[in-house]
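Just input-v6.cif here, mmCIF, C-alpha atoms and all ligand atoms; chains and numbers go by the auth columns:
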```cif
data_entry
#
loop_
_atom_site.group_PDB
_atom_site.id
_atom_site.type_symbol
_atom_site.label_atom_id
_atom_site.label_comp_id
_atom_site.label_asym_id
_atom_site.label_seq_id
_atom_site.Cartn_x
_atom_site.Cartn_y
_atom_site.Cartn_z
_atom_site.B_iso_or_equiv
_atom_site.auth_seq_id
_atom_site.auth_asym_id
ATOM 1 C CA MET A 1 18.734 27.273 27.153 0.00 1 E
ATOM 2 C CA ILE A 2 18.954 29.821 29.975 0.00 2 E
ATOM 3 C CA SER A 3 22.034 31.919 29.304 0.00 3 E
ATOM 4 C CA TYR A 4 21.961 34.700 31.876 0.00 4 E
ATOM 5 C CA ILE A 5 21.141 34.913 35.581 0.00 5 E
ATOM 6 C CA GLU A 6 20.808 38.107 37.561 0.00 6 E
ATOM 7 C CA ALA A 7 19.528 39.180 40.990 0.00 7 E
ATOM 8 C CA ILE A 8 16.791 41.703 41.674 0.00 8 E
ATOM 9 C CA PRO A 9 17.321 43.017 45.211 0.00 9 E
ATOM 10 C CA ALA A 10 14.103 43.138 47.270 0.00 10 E
ATOM 11 C CA PHE A 11 13.138 44.185 50.810 0.00 11 E
ATOM 12 C CA SER A 12 16.196 44.604 53.034 0.00 12 E
ATOM 13 C CA ASP A 13 18.292 41.588 52.035 0.00 13 E
ATOM 14 C CA ASN A 14 16.335 39.316 49.653 0.00 14 E
ATOM 15 C CA TYR A 15 17.366 38.450 46.113 0.00 15 E
ATOM 16 C CA ILE A 16 14.823 37.492 43.459 0.00 16 E
ATOM 17 C CA TRP A 17 16.808 35.532 40.867 0.00 17 E
ATOM 18 C CA VAL A 18 15.951 36.168 37.233 0.00 18 E
ATOM 19 C CA LEU A 19 16.850 33.484 34.680 0.00 19 E
ATOM 20 C CA ARG A 20 16.852 34.682 31.090 0.00 20 E
ATOM 21 C CA LYS A 21 16.718 33.183 27.650 0.00 21 E
ATOM 22 C CA ASN A 22 16.525 35.950 25.053 0.00 22 E
ATOM 23 C CA ASP A 23 13.492 38.070 26.059 0.00 23 E
ATOM 24 C CA SER A 24 11.888 35.416 28.241 0.00 24 E
ATOM 25 C CA VAL A 25 12.470 35.095 31.958 0.00 25 E
ATOM 26 C CA VAL A 26 11.785 32.896 34.939 0.00 26 E
ATOM 27 C CA VAL A 27 11.864 34.384 38.421 0.00 27 E
ATOM 28 C CA VAL A 28 12.603 32.511 41.624 0.00 28 E
ATOM 29 C CA ASP A 29 10.722 33.447 44.821 0.00 29 E
ATOM 30 C CA PRO A 30 9.228 36.798 43.749 0.00 30 E
ATOM 31 C CA GLY A 31 8.299 38.179 47.171 0.00 31 E
ATOM 32 C CA ASP A 32 7.940 41.710 45.840 0.00 32 E
ATOM 33 C CA PRO A 33 5.892 42.024 42.606 0.00 33 E
ATOM 34 C CA GLU A 34 6.796 45.690 42.052 0.00 34 E
ATOM 35 C CA ALA A 35 10.514 44.938 42.031 0.00 35 E
ATOM 36 C CA VAL A 36 9.928 42.274 39.360 0.00 36 E
ATOM 37 C CA GLU A 37 7.573 44.461 37.302 0.00 37 E
ATOM 38 C CA SER A 38 9.953 47.394 37.144 0.00 38 E
ATOM 39 C CA TYR A 39 12.828 45.094 36.167 0.00 39 E
ATOM 40 C CA LEU A 40 10.798 43.502 33.350 0.00 40 E
ATOM 41 C CA GLU A 41 9.579 46.859 32.128 0.00 41 E
ATOM 42 C CA LYS A 42 12.998 48.468 32.131 0.00 42 E
ATOM 43 C CA LYS A 43 14.530 45.611 30.129 0.00 43 E
ATOM 44 C CA ASN A 44 11.467 44.897 28.001 0.00 44 E
ATOM 45 C CA LEU A 45 11.228 41.238 29.004 0.00 45 E
ATOM 46 C CA LYS A 46 8.323 38.843 29.430 0.00 46 E
ATOM 47 C CA LEU A 47 7.650 36.580 32.392 0.00 47 E
ATOM 48 C CA GLU A 48 7.185 32.921 31.435 0.00 48 E
ATOM 49 C CA ALA A 49 7.417 31.107 34.752 0.00 49 E
ATOM 50 C CA ILE A 50 7.779 31.428 38.514 0.00 50 E
ATOM 51 C CA LEU A 51 9.645 28.984 40.753 0.00 51 E
ATOM 52 C CA ILE A 52 8.732 28.923 44.456 0.00 52 E
ATOM 53 C CA THR A 53 10.914 27.259 47.097 0.00 53 E
ATOM 54 C CA HIS A 54 8.720 27.537 50.222 0.00 54 E
ATOM 55 C CA HIS A 55 5.694 29.249 51.707 0.00 55 E
ATOM 56 C CA HIS A 56 7.281 32.246 53.490 0.00 56 E
ATOM 57 C CA TYR A 57 5.730 35.524 52.382 0.00 57 E
ATOM 58 C CA ASP A 58 9.005 37.212 51.387 0.00 58 E
ATOM 59 C CA HIS A 59 9.255 34.448 48.738 0.00 59 E
ATOM 60 C CA THR A 60 5.611 34.174 47.630 0.00 60 E
ATOM 61 C CA GLY A 61 4.135 37.674 48.064 0.00 61 E
ATOM 62 C CA GLY A 62 4.281 38.511 44.362 0.00 62 E
ATOM 63 C CA ILE A 63 2.672 35.389 42.893 0.00 63 E
ATOM 64 C CA MET A 64 -0.930 36.613 42.559 0.00 64 E
ATOM 65 C CA LYS A 65 -0.101 40.018 41.092 0.00 65 E
ATOM 66 C CA LEU A 66 2.344 38.542 38.582 0.00 66 E
ATOM 67 C CA ASN A 67 -0.206 35.806 37.759 0.00 67 E
ATOM 68 C CA GLU A 68 -2.803 38.421 36.897 0.00 68 E
ATOM 69 C CA LYS A 69 -0.593 40.302 34.499 0.00 69 E
ATOM 70 C CA TRP A 70 1.507 37.542 32.887 0.00 70 E
ATOM 71 C CA ASN A 71 -0.315 34.266 33.481 0.00 71 E
ATOM 72 C CA PRO A 72 3.024 32.437 33.858 0.00 72 E
ATOM 73 C CA GLU A 73 3.505 28.769 34.720 0.00 73 E
ATOM 74 C CA VAL A 74 3.919 28.690 38.525 0.00 74 E
ATOM 75 C CA TYR A 75 5.861 25.829 40.110 0.00 75 E
ATOM 76 C CA GLY A 76 6.136 25.164 43.824 0.00 76 E
ATOM 77 C CA PRO A 77 5.923 22.696 46.698 0.00 77 E
ATOM 78 C CA LYS A 78 3.046 20.240 46.874 0.00 78 E
ATOM 79 C CA GLY A 79 0.319 20.559 49.499 0.00 79 E
ATOM 80 C CA GLY A 80 -2.051 23.173 48.104 0.00 80 E
ATOM 81 C CA HIS A 81 -1.136 25.661 50.842 0.00 81 E
ATOM 82 C CA ILE A 82 0.445 28.329 48.595 0.00 82 E
ATOM 83 C CA GLN A 83 -2.071 30.351 46.618 0.00 83 E
ATOM 84 C CA GLY A 84 -1.341 30.643 42.901 0.00 84 E
ATOM 85 C CA ILE A 85 0.794 27.540 42.381 0.00 85 E
ATOM 86 C CA LYS A 86 -0.238 25.697 39.222 0.00 86 E
ATOM 87 C CA ARG A 87 2.228 22.794 39.189 0.00 87 E
ATOM 88 C CA GLU A 88 3.072 21.077 42.433 0.00 88 E
ATOM 89 C CA LEU A 89 6.481 19.425 42.657 0.00 89 E
ATOM 90 C CA SER A 90 8.059 16.776 44.848 0.00 90 E
ATOM 91 C CA GLU A 91 11.351 14.867 45.196 0.00 91 E
ATOM 92 C CA LYS A 92 12.858 13.996 41.794 0.00 92 E
ATOM 93 C CA SER A 93 10.210 15.873 39.775 0.00 93 E
ATOM 94 C CA ILE A 94 11.755 17.054 36.518 0.00 94 E
ATOM 95 C CA ILE A 95 10.651 20.229 34.775 0.00 95 E
ATOM 96 C CA LYS A 96 11.822 21.943 31.625 0.00 96 E
ATOM 97 C CA ILE A 97 11.677 25.732 31.407 0.00 97 E
ATOM 98 C CA LEU A 98 13.220 27.884 28.676 0.00 98 E
ATOM 99 C CA ASP A 99 14.770 24.687 27.255 0.00 99 E
ATOM 100 C CA THR A 100 16.568 24.054 30.530 0.00 100 E
ATOM 101 C CA GLU A 101 15.975 21.014 32.701 0.00 101 E
ATOM 102 C CA PHE A 102 15.616 21.217 36.494 0.00 102 E
ATOM 103 C CA VAL A 103 15.364 18.396 38.994 0.00 103 E
ATOM 104 C CA ILE A 104 13.603 19.012 42.296 0.00 104 E
ATOM 105 C CA PHE A 105 14.901 18.097 45.748 0.00 105 E
ATOM 106 C CA GLU A 106 12.689 18.122 48.811 0.00 106 E
ATOM 107 C CA THR A 107 14.757 19.927 51.441 0.00 107 E
ATOM 108 C CA PRO A 108 12.777 20.182 54.706 0.00 108 E
ATOM 109 C CA GLY A 109 14.375 21.929 57.686 0.00 109 E
ATOM 110 C CA HIS A 110 13.812 25.674 57.406 0.00 110 E
ATOM 111 C CA THR A 111 10.179 24.831 56.565 0.00 111 E
ATOM 112 C CA LEU A 112 8.605 21.415 55.991 0.00 112 E
ATOM 113 C CA ASP A 113 7.495 22.259 52.444 0.00 113 E
ATOM 114 C CA HIS A 114 10.879 23.546 51.254 0.00 114 E
ATOM 115 C CA ILE A 115 12.091 22.423 47.822 0.00 115 E
ATOM 116 C CA ALA A 116 15.172 23.314 45.747 0.00 116 E
ATOM 117 C CA TYR A 117 15.730 23.463 41.983 0.00 117 E
ATOM 118 C CA TYR A 118 18.914 22.029 40.497 0.00 118 E
ATOM 119 C CA SER A 119 19.885 22.246 36.840 0.00 119 E
ATOM 120 C CA LYS A 120 22.810 20.276 35.491 0.00 120 E
ATOM 121 C CA ASP A 121 22.318 22.046 32.144 0.00 121 E
ATOM 122 C CA ILE A 122 23.373 25.367 33.673 0.00 122 E
ATOM 123 C CA ASN A 123 25.302 24.034 36.708 0.00 123 E
ATOM 124 C CA SER A 124 23.052 25.927 39.070 0.00 124 E
ATOM 125 C CA LEU A 125 21.216 25.338 42.326 0.00 125 E
ATOM 126 C CA PHE A 126 18.360 27.527 43.578 0.00 126 E
ATOM 127 C CA CYS A 127 18.220 26.591 47.230 0.00 127 E
ATOM 128 C CA GLY A 128 15.887 29.213 48.727 0.00 128 E
ATOM 129 C CA ASP A 129 16.384 29.515 52.484 0.00 129 E
ATOM 130 C CA THR A 130 17.873 26.030 53.007 0.00 130 E
ATOM 131 C CA LEU A 131 21.523 26.821 52.261 0.00 131 E
ATOM 132 C CA PHE A 132 23.132 30.248 52.548 0.00 132 E
ATOM 133 C CA SER A 133 26.712 31.047 51.784 0.00 133 E
ATOM 134 C CA GLY A 134 28.491 30.199 55.041 0.00 134 E
ATOM 135 C CA GLY A 135 25.262 29.188 56.765 0.00 135 E
ATOM 136 C CA CYS A 136 21.853 27.542 56.570 0.00 136 E
ATOM 137 C CA GLY A 137 18.254 28.539 57.209 0.00 137 E
ATOM 138 C CA ARG A 138 16.789 28.702 60.684 0.00 138 E
ATOM 139 C CA LEU A 139 14.891 25.597 61.737 0.00 139 E
ATOM 140 C CA PHE A 140 11.408 27.096 61.908 0.00 140 E
ATOM 141 C CA GLU A 141 9.521 23.869 61.176 0.00 141 E
ATOM 142 C CA GLY A 142 11.936 20.981 60.614 0.00 142 E
ATOM 143 C CA THR A 143 14.365 18.996 62.751 0.00 143 E
ATOM 144 C CA PRO A 144 18.176 19.067 62.734 0.00 144 E
ATOM 145 C CA LEU A 145 18.132 15.610 61.083 0.00 145 E
ATOM 146 C CA GLN A 146 15.900 16.863 58.272 0.00 146 E
ATOM 147 C CA MET A 147 18.190 19.852 57.685 0.00 147 E
ATOM 148 C CA PHE A 148 21.250 17.585 57.800 0.00 148 E
ATOM 149 C CA ASN A 149 19.779 15.314 55.108 0.00 149 E
ATOM 150 C CA SER A 150 18.697 18.293 53.006 0.00 150 E
ATOM 151 C CA LEU A 151 22.159 19.872 53.130 0.00 151 E
ATOM 152 C CA ASN A 152 23.708 16.509 52.257 0.00 152 E
ATOM 153 C CA LYS A 153 21.776 16.488 48.987 0.00 153 E
ATOM 154 C CA PHE A 154 23.524 19.744 48.098 0.00 154 E
ATOM 155 C CA SER A 155 27.046 18.876 49.226 0.00 155 E
ATOM 156 C CA CYS A 156 27.047 15.822 46.932 0.00 156 E
ATOM 157 C CA LEU A 157 26.329 17.905 43.810 0.00 157 E
ATOM 158 C CA PRO A 158 29.162 18.532 41.318 0.00 158 E
ATOM 159 C CA SER A 159 31.665 20.916 42.913 0.00 159 E
ATOM 160 C CA GLU A 160 31.344 23.506 40.118 0.00 160 E
ATOM 161 C CA THR A 161 27.594 23.959 40.810 0.00 161 E
ATOM 162 C CA LYS A 162 26.755 27.614 41.379 0.00 162 E
ATOM 163 C CA VAL A 163 24.670 28.262 44.470 0.00 163 E
ATOM 164 C CA PHE A 164 21.970 30.927 44.268 0.00 164 E
ATOM 165 C CA CYS A 165 20.686 31.683 47.768 0.00 165 E
ATOM 166 C CA THR A 166 17.840 34.111 48.434 0.00 166 E
ATOM 167 C CA HIS A 167 19.368 36.346 51.105 0.00 167 E
ATOM 168 C CA GLU A 168 22.494 38.461 51.453 0.00 168 E
ATOM 169 C CA TYR A 169 23.522 36.902 54.755 0.00 169 E
ATOM 170 C CA THR A 170 27.051 35.902 53.752 0.00 170 E
ATOM 171 C CA LEU A 171 29.198 38.312 55.772 0.00 171 E
ATOM 172 C CA ASN A 172 27.279 37.733 58.978 0.00 172 E
ATOM 173 C CA ASN A 173 27.398 33.964 58.406 0.00 173 E
ATOM 174 C CA LEU A 174 31.160 34.063 57.873 0.00 174 E
ATOM 175 C CA LYS A 175 31.710 35.955 61.142 0.00 175 E
ATOM 176 C CA PHE A 176 29.979 33.086 62.881 0.00 176 E
ATOM 177 C CA ALA A 177 31.774 30.422 60.803 0.00 177 E
ATOM 178 C CA LEU A 178 35.095 31.905 61.952 0.00 178 E
ATOM 179 C CA GLU A 179 34.034 31.438 65.587 0.00 179 E
ATOM 180 C CA VAL A 180 33.269 27.779 64.889 0.00 180 E
ATOM 181 C CA GLU A 181 36.339 27.057 62.778 0.00 181 E
ATOM 182 C CA PRO A 182 38.899 29.838 63.341 0.00 182 E
ATOM 183 C CA ASP A 183 41.854 28.065 61.694 0.00 183 E
ATOM 184 C CA ASN A 184 40.198 27.467 58.294 0.00 184 E
ATOM 185 C CA LEU A 185 42.396 29.359 55.798 0.00 185 E
ATOM 186 C CA VAL A 186 39.948 29.201 52.891 0.00 186 E
ATOM 187 C CA LEU A 187 37.292 30.631 55.194 0.00 187 E
ATOM 188 C CA LYS A 188 39.574 33.470 56.363 0.00 188 E
ATOM 189 C CA ASN A 189 40.346 34.470 52.783 0.00 189 E
ATOM 190 C CA TYR A 190 36.703 34.255 51.715 0.00 190 E
ATOM 191 C CA TYR A 191 35.742 36.474 54.661 0.00 191 E
ATOM 192 C CA LYS A 192 38.180 39.167 53.478 0.00 192 E
ATOM 193 C CA GLU A 193 36.867 38.894 49.925 0.00 193 E
ATOM 194 C CA VAL A 194 33.211 39.215 50.964 0.00 194 E
ATOM 195 C CA ASN A 195 34.031 42.048 53.349 0.00 195 E
ATOM 196 C CA THR A 196 35.525 44.030 50.457 0.00 196 E
ATOM 197 C CA LEU A 197 32.509 43.275 48.233 0.00 197 E
ATOM 198 C CA ARG A 198 30.009 44.334 50.872 0.00 198 E
ATOM 199 C CA GLU A 199 31.922 47.544 51.686 0.00 199 E
ATOM 200 C CA SER A 200 31.078 48.674 48.172 0.00 200 E
ATOM 201 C CA ASN A 201 27.545 47.238 48.443 0.00 201 E
ATOM 202 C CA LYS A 202 28.226 44.464 45.906 0.00 202 E
ATOM 203 C CA ILE A 203 26.438 41.115 45.925 0.00 203 E
ATOM 204 C CA SER A 204 28.355 38.168 47.426 0.00 204 E
ATOM 205 C CA LEU A 205 26.465 35.539 45.403 0.00 205 E
ATOM 206 C CA PRO A 206 26.354 33.086 43.706 0.00 206 E
ATOM 207 C CA SER A 207 28.589 30.852 45.740 0.00 207 E
ATOM 208 C CA SER A 208 29.574 27.326 44.677 0.00 208 E
ATOM 209 C CA ILE A 209 29.248 23.840 46.125 0.00 209 E
ATOM 210 C CA ASP A 210 33.038 23.535 46.139 0.00 210 E
ATOM 211 C CA LEU A 211 33.418 26.681 48.242 0.00 211 E
ATOM 212 C CA GLU A 212 30.546 25.838 50.596 0.00 212 E
ATOM 213 C CA ASN A 213 31.978 22.378 51.235 0.00 213 E
ATOM 214 C CA LYS A 214 35.243 24.069 52.252 0.00 214 E
ATOM 215 C CA ILE A 215 33.891 26.876 54.447 0.00 215 E
ATOM 216 C CA ASN A 216 30.288 26.290 55.560 0.00 216 E
ATOM 217 C CA PRO A 217 30.208 24.829 59.113 0.00 217 E
ATOM 218 C CA PHE A 218 26.735 23.369 58.518 0.00 218 E
ATOM 219 C CA LEU A 219 28.183 21.184 55.731 0.00 219 E
ATOM 220 C CA ARG A 220 31.262 20.369 57.828 0.00 220 E
ATOM 221 C CA THR A 221 29.779 18.871 60.983 0.00 221 E
ATOM 222 C CA SER A 222 32.204 15.915 60.817 0.00 222 E
ATOM 223 C CA VAL A 223 35.286 18.159 61.029 0.00 223 E
ATOM 224 C CA ASP A 224 37.077 17.637 64.376 0.00 224 E
ATOM 225 C CA ARG A 225 37.524 21.306 65.245 0.00 225 E
ATOM 226 C CA ILE A 226 33.839 22.056 64.589 0.00 226 E
ATOM 227 C CA LYS A 227 32.744 19.030 66.610 0.00 227 E
ATOM 228 C CA GLU A 228 34.973 20.100 69.531 0.00 228 E
ATOM 229 C CA ASN A 229 33.588 23.625 69.487 0.00 229 E
ATOM 230 C CA ALA A 230 30.011 22.326 69.313 0.00 230 E
ATOM 231 C CA GLU A 231 30.790 20.105 72.322 0.00 231 E
ATOM 232 C CA ASN A 232 32.213 23.086 74.196 0.00 232 E
ATOM 233 C CA TYR A 233 29.077 25.058 73.407 0.00 233 E
ATOM 234 C CA THR A 234 26.659 22.329 74.564 0.00 234 E
ATOM 235 C CA LYS A 235 28.970 21.010 77.332 0.00 235 E
ATOM 236 C CA GLN A 236 28.269 17.498 76.028 0.00 236 E
ATOM 237 C CA ALA A 237 30.706 14.898 74.703 0.00 237 E
ATOM 238 C CA ASN A 238 30.636 12.589 71.674 0.00 238 E
ATOM 239 C CA LEU A 239 28.198 14.553 69.549 0.00 239 E
ATOM 240 C CA ASP A 240 27.356 12.925 66.224 0.00 240 E
ATOM 241 C CA PRO A 241 27.242 15.064 63.043 0.00 241 E
ATOM 242 C CA VAL A 242 23.476 15.693 63.349 0.00 242 E
ATOM 243 C CA GLU A 243 23.896 16.771 66.981 0.00 243 E
ATOM 244 C CA VAL A 244 26.771 19.021 65.919 0.00 244 E
ATOM 245 C CA LEU A 245 24.453 20.651 63.389 0.00 245 E
ATOM 246 C CA ALA A 246 21.766 21.112 66.055 0.00 246 E
ATOM 247 C CA ALA A 247 24.343 22.654 68.420 0.00 247 E
ATOM 248 C CA ILE A 248 25.830 25.120 65.959 0.00 248 E
ATOM 249 C CA ARG A 249 22.355 26.077 64.651 0.00 249 E
ATOM 250 C CA GLU A 250 21.337 26.953 68.218 0.00 250 E
ATOM 251 C CA TRP A 251 24.668 28.744 68.773 0.00 251 E
ATOM 252 C CA LYS A 252 24.108 30.776 65.597 0.00 252 E
ATOM 253 C CA ASP A 253 20.536 31.659 66.650 0.00 253 E
ATOM 254 C CA ASN A 254 22.037 33.281 69.750 0.00 254 E
ATOM 255 C CA PHE A 255 25.141 34.733 68.088 0.00 255 E
HETATM 256 ZN ZN ZN B . 12.041 31.398 54.604 0.00 1 K
#
```
Translate the structure described by the file into structure tokens.
Ligand SMILES: [Zn+2]
Amino acid sequence: MISYIEAIPAFSDNYIWVLRKNDSVVVVDPGDPEAVESYLEKKNLKLEAILITHHHYDHTGGIMKLNEKWNPEVYGPKGGHIQGIKRELSEKSIIKILDTEFVIFETPGHTLDHIAYYSKDINSLFCGDTLFSGGCGRLFEGTPLQMFNSLNKFSCLPSETKVFCTHEYTLNNLKFALEVEPDNLVLKNYYKEVNTLRESNKISLPSSIDLENKINPFLRTSVDRIKENAENYTKQANLDPVEVLAAIREWKDNF
């Protein structure tokens, strides 16, 4: 089974997650092939598989180069639109890699093709750009309702599930979360913690489902204070949870 997970930083704020079992690895969303190559070389590891969450280039840019050198199994969303994918996945697909089982969730919102990989074996969720710590992905292609349903799939997972997001957006997200829900004590403490980590350039991830359910406004659209603030922002009354999500997503886009 996979016994070790580590991040390779890429570009300005991406993380390429590396999942290891002995000398074999799987990488998630390898946007930058050079970053992966130098990691593998330095540690003397071999690439067995690639997991892709969605079509954006900062997640897929390394597929072809890594394919050429390693010929790994390459998993990703169905549709045939991402070059290099060898096994197309959809809702409830189950795959086994490095003796570890993953179930696939379709999570449209950020993009329409977005999927996430959840493993109960290792209590881990690889959620791409759908869920970030303290935030969620921008709605480039999907609707607020699609994002709401996608995030719901995550918030129902076991609370101890570790959440591996693909960007270091946490601190910025928490600044916004504090605007939306200023009296949330858990959120205030988490902000301080992440601030300290980022001051010394340390990674803020993985998060957990338990923590996200307590602090992430996009998972908390039924909370009164968040609803009130969303209504103040839109100057509309009686917003339902999906409308609250739409309002705070728009608010965040302009924050
Ligand atoms: Zn993206």
Task: Reference answer for the PyMOL selection byres (((chain E and resi 171) around 7) and not hetatm), as a PyMOL selection string - done: chain E and resi 169-170+172-175+191+194-195
Given only C-alpha atoms, how would the per-residue table for segment 36-98 of chain E near segment 16-30 of chain E read, listing every residue at most 12 Å away with its closest atom pair and distance in Å to one decimal, sorted by chain and number, as a Markdown table?
```
| residue | atom | partner | partner_atom | distance |
| --- | --- | --- | --- | --- |
| E:Val36 | CA | E:Pro30 | CA | 7.1 |
| E:Glu37 | CA | E:Pro30 | CA | 10.2 |
| E:Tyr39 | CA | E:Val18 | CA | 9.5 |
| E:Leu40 | CA | E:Val25 | CA | 8.7 |
| E:Glu41 | CA | E:Asp23 | CA | 11.4 |
| E:Lys43 | CA | E:Asp23 | CA | 8.6 |
| E:Asn44 | CA | E:Asp23 | CA | 7.4 |
| E:Leu45 | CA | E:Asp23 | CA | 4.9 |
| E:Lys46 | CA | E:Ser24 | CA | 5.1 |
| E:Leu47 | CA | E:Val25 | CA | 5.1 |
| E:Glu48 | CA | E:Val25 | CA | 5.7 |
| E:Ala49 | CA | E:Val26 | CA | 4.7 |
| E:Ile50 | CA | E:Val27 | CA | 5.0 |
| E:Leu51 | CA | E:Val28 | CA | 4.7 |
| E:Ile52 | CA | E:Asp29 | CA | 5.0 |
| E:Thr53 | CA | E:Asp29 | CA | 6.6 |
| E:His54 | CA | E:Asp29 | CA | 8.3 |
| E:His55 | CA | E:Asp29 | CA | 9.5 |
| E:His56 | CA | E:Asp29 | CA | 9.4 |
| E:Tyr57 | CA | E:Asp29 | CA | 9.3 |
| E:Asp58 | CA | E:Pro30 | CA | 7.7 |
| E:His59 | CA | E:Asp29 | CA | 4.3 |
| E:Thr60 | CA | E:Asp29 | CA | 5.9 |
| E:Gly61 | CA | E:Pro30 | CA | 6.7 |
| E:Gly62 | CA | E:Pro30 | CA | 5.3 |
| E:Ile63 | CA | E:Pro30 | CA | 6.8 |
| E:Met64 | CA | E:Pro30 | CA | 10.2 |
| E:Lys65 | CA | E:Pro30 | CA | 10.2 |
| E:Leu66 | CA | E:Pro30 | CA | 8.8 |
| E:Asn67 | CA | E:Pro30 | CA | 11.2 |
| E:Trp70 | CA | E:Val25 | CA | 11.3 |
| E:Pro72 | CA | E:Val26 | CA | 8.8 |
| E:Glu73 | CA | E:Val26 | CA | 9.3 |
| E:Val74 | CA | E:Val26 | CA | 9.6 |
| E:Tyr75 | CA | E:Val28 | CA | 9.6 |
| E:Gly76 | CA | E:Asp29 | CA | 9.5 |
| E:Pro77 | CA | E:Asp29 | CA | 11.9 |
| E:Ile85 | CA | E:Asp29 | CA | 11.8 |
| E:Lys96 | CA | E:Val26 | CA | 11.4 |
| E:Ile97 | CA | E:Val26 | CA | 8.0 |
| E:Leu98 | CA | E:Lys21 | CA | 6.4 |
```
Saved selection, atoms kept: C-alpha atoms, as a PDB file, keeping the file's coordinate frame:
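What follows is the written file out_24.pdb:
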```pdb
ATOM      1  CA  VAL E  36       9.928  42.274  39.360  1.00  0.00           C
ATOM      2  CA  GLU E  37       7.573  44.461  37.302  1.00  0.00           C
ATOM      3  CA  TYR E  39      12.828  45.094  36.167  1.00  0.00           C
ATOM      4  CA  LEU E  40      10.798  43.502  33.350  1.00  0.00           C
ATOM      5  CA  GLU E  41       9.579  46.859  32.128  1.00  0.00           C
ATOM      6  CA  LYS E  43      14.530  45.611  30.129  1.00  0.00           C
ATOM      7  CA  ASN E  44      11.467  44.897  28.001  1.00  0.00           C
ATOM      8  CA  LEU E  45      11.228  41.238  29.004  1.00  0.00           C
ATOM      9  CA  LYS E  46       8.323  38.843  29.430  1.00  0.00           C
ATOM     10  CA  LEU E  47       7.650  36.580  32.392  1.00  0.00           C
ATOM     11  CA  GLU E  48       7.185  32.921  31.435  1.00  0.00           C
ATOM     12  CA  ALA E  49       7.417  31.107  34.752  1.00  0.00           C
ATOM     13  CA  ILE E  50       7.779  31.428  38.514  1.00  0.00           C
ATOM     14  CA  LEU E  51       9.645  28.984  40.753  1.00  0.00           C
ATOM     15  CA  ILE E  52       8.732  28.923  44.456  1.00  0.00           C
ATOM     16  CA  THR E  53      10.914  27.259  47.097  1.00  0.00           C
ATOM     17  CA  HIS E  54       8.720  27.537  50.222  1.00  0.00           C
ATOM     18  CA  HIS E  55       5.694  29.249  51.707  1.00  0.00           C
ATOM     19  CA  HIS E  56       7.281  32.246  53.490  1.00  0.00           C
ATOM     20  CA  TYR E  57       5.730  35.524  52.382  1.00  0.00           C
ATOM     21  CA  ASP E  58       9.005  37.212  51.387  1.00  0.00           C
ATOM     22  CA  HIS E  59       9.255  34.448  48.738  1.00  0.00           C
ATOM     23  CA  THR E  60       5.611  34.174  47.630  1.00  0.00           C
ATOM     24  CA  GLY E  61       4.135  37.674  48.064  1.00  0.00           C
ATOM     25  CA  GLY E  62       4.281  38.511  44.362  1.00  0.00           C
ATOM     26  CA  ILE E  63       2.672  35.389  42.893  1.00  0.00           C
ATOM     27  CA  MET E  64      -0.930  36.613  42.559  1.00  0.00           C
ATOM     28  CA  LYS E  65      -0.101  40.018  41.092  1.00  0.00           C
ATOM     29  CA  LEU E  66       2.344  38.542  38.582  1.00  0.00           C
ATOM     30  CA  ASN E  67      -0.206  35.806  37.759  1.00  0.00           C
ATOM     31  CA  TRP E  70       1.507  37.542  32.887  1.00  0.00           C
ATOM     32  CA  PRO E  72       3.024  32.437  33.858  1.00  0.00           C
ATOM     33  CA  GLU E  73       3.505  28.769  34.720  1.00  0.00           C
ATOM     34  CA  VAL E  74       3.919  28.690  38.525  1.00  0.00           C
ATOM     35  CA  TYR E  75       5.861  25.829  40.110  1.00  0.00           C
ATOM     36  CA  GLY E  76       6.136  25.164  43.824  1.00  0.00           C
ATOM     37  CA  PRO E  77       5.923  22.696  46.698  1.00  0.00           C
ATOM     38  CA  ILE E  85       0.794  27.540  42.381  1.00  0.00           C
ATOM     39  CA  LYS E  96      11.822  21.943  31.625  1.00  0.00           C
ATOM     40  CA  ILE E  97      11.677  25.732  31.407  1.00  0.00           C
ATOM     41  CA  LEU E  98      13.220  27.884  28.676  1.00  0.00           C
TER      42      LEU E  98
END
```
- [ ] Would you list the residues near (28.7, 30.4, 53.6), meaning any protein, DNA or RNA residue with an atom at most 12 Å from that point in file coordinates, counting all atoms listed in the file, as an MDAnalysis selection string?
- [x] chainID E and resid 130:137 163:165 167:178 186:188 190:191 194 204:220
Task: Expected residue set, 12 Å radius at (25.6, 22.7, 34.2), all atoms listed in the file, as a PyMOL selection string - done: chain E and resi 1-3+100-102+118-125+157-163
- [ ] Would you kindly return, as JSON, numbers by chain, each protein, DNA or RNA residue with an atom no farther than 12 Å from any atom of Pro108 of chain E, considering all atoms listed in the file and excluding same-chain residues fewer than 6 positions away?
- [x] {"E": [53, 54, 55, 77, 90, 91, 114, 115, 116, 127, 128, 129, 130, 131, 136, 137, 138, 139, 140, 141, 142, 143, 144, 145, 146, 147, 148, 149, 150, 151, 152, 153]}
TODO: Measuring atom to atom with only C-alpha atoms and all ligand atoms, identify which of E:Glu34, E:Asp113, E:Glu88, E:Glu68 is nearest to ligand ZN 1 (chain K).
DONE: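 Under the stated criterion, the closest residue is E:Asp113.
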Task: Polymer residues at most 10 Å from segment 226-234 of chain E, only C-alpha atoms, same-chain spacing of 6 or more positions, as an MDAnalysis selection string - done: chainID E and resid 177 179:182 217:218 220 240:241 243:251
TODO: Find the distance between atom CA of Leu112 of chain E and atom CA of Phe11 of chain E and write it in Å to one decimal.
DONE: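 Going from atom CA of Leu112 of chain E over to atom CA of Phe11 of chain E covers 23.8 Å.
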Open item on the list: My list of candidates is E:Leu89, E:Ile203, E:Asn14, E:His110. Which is closest to ligand ZN 1 (chain K) when distances are computed with only C-alpha atoms and all ligand atoms?
Closed with: E:His110
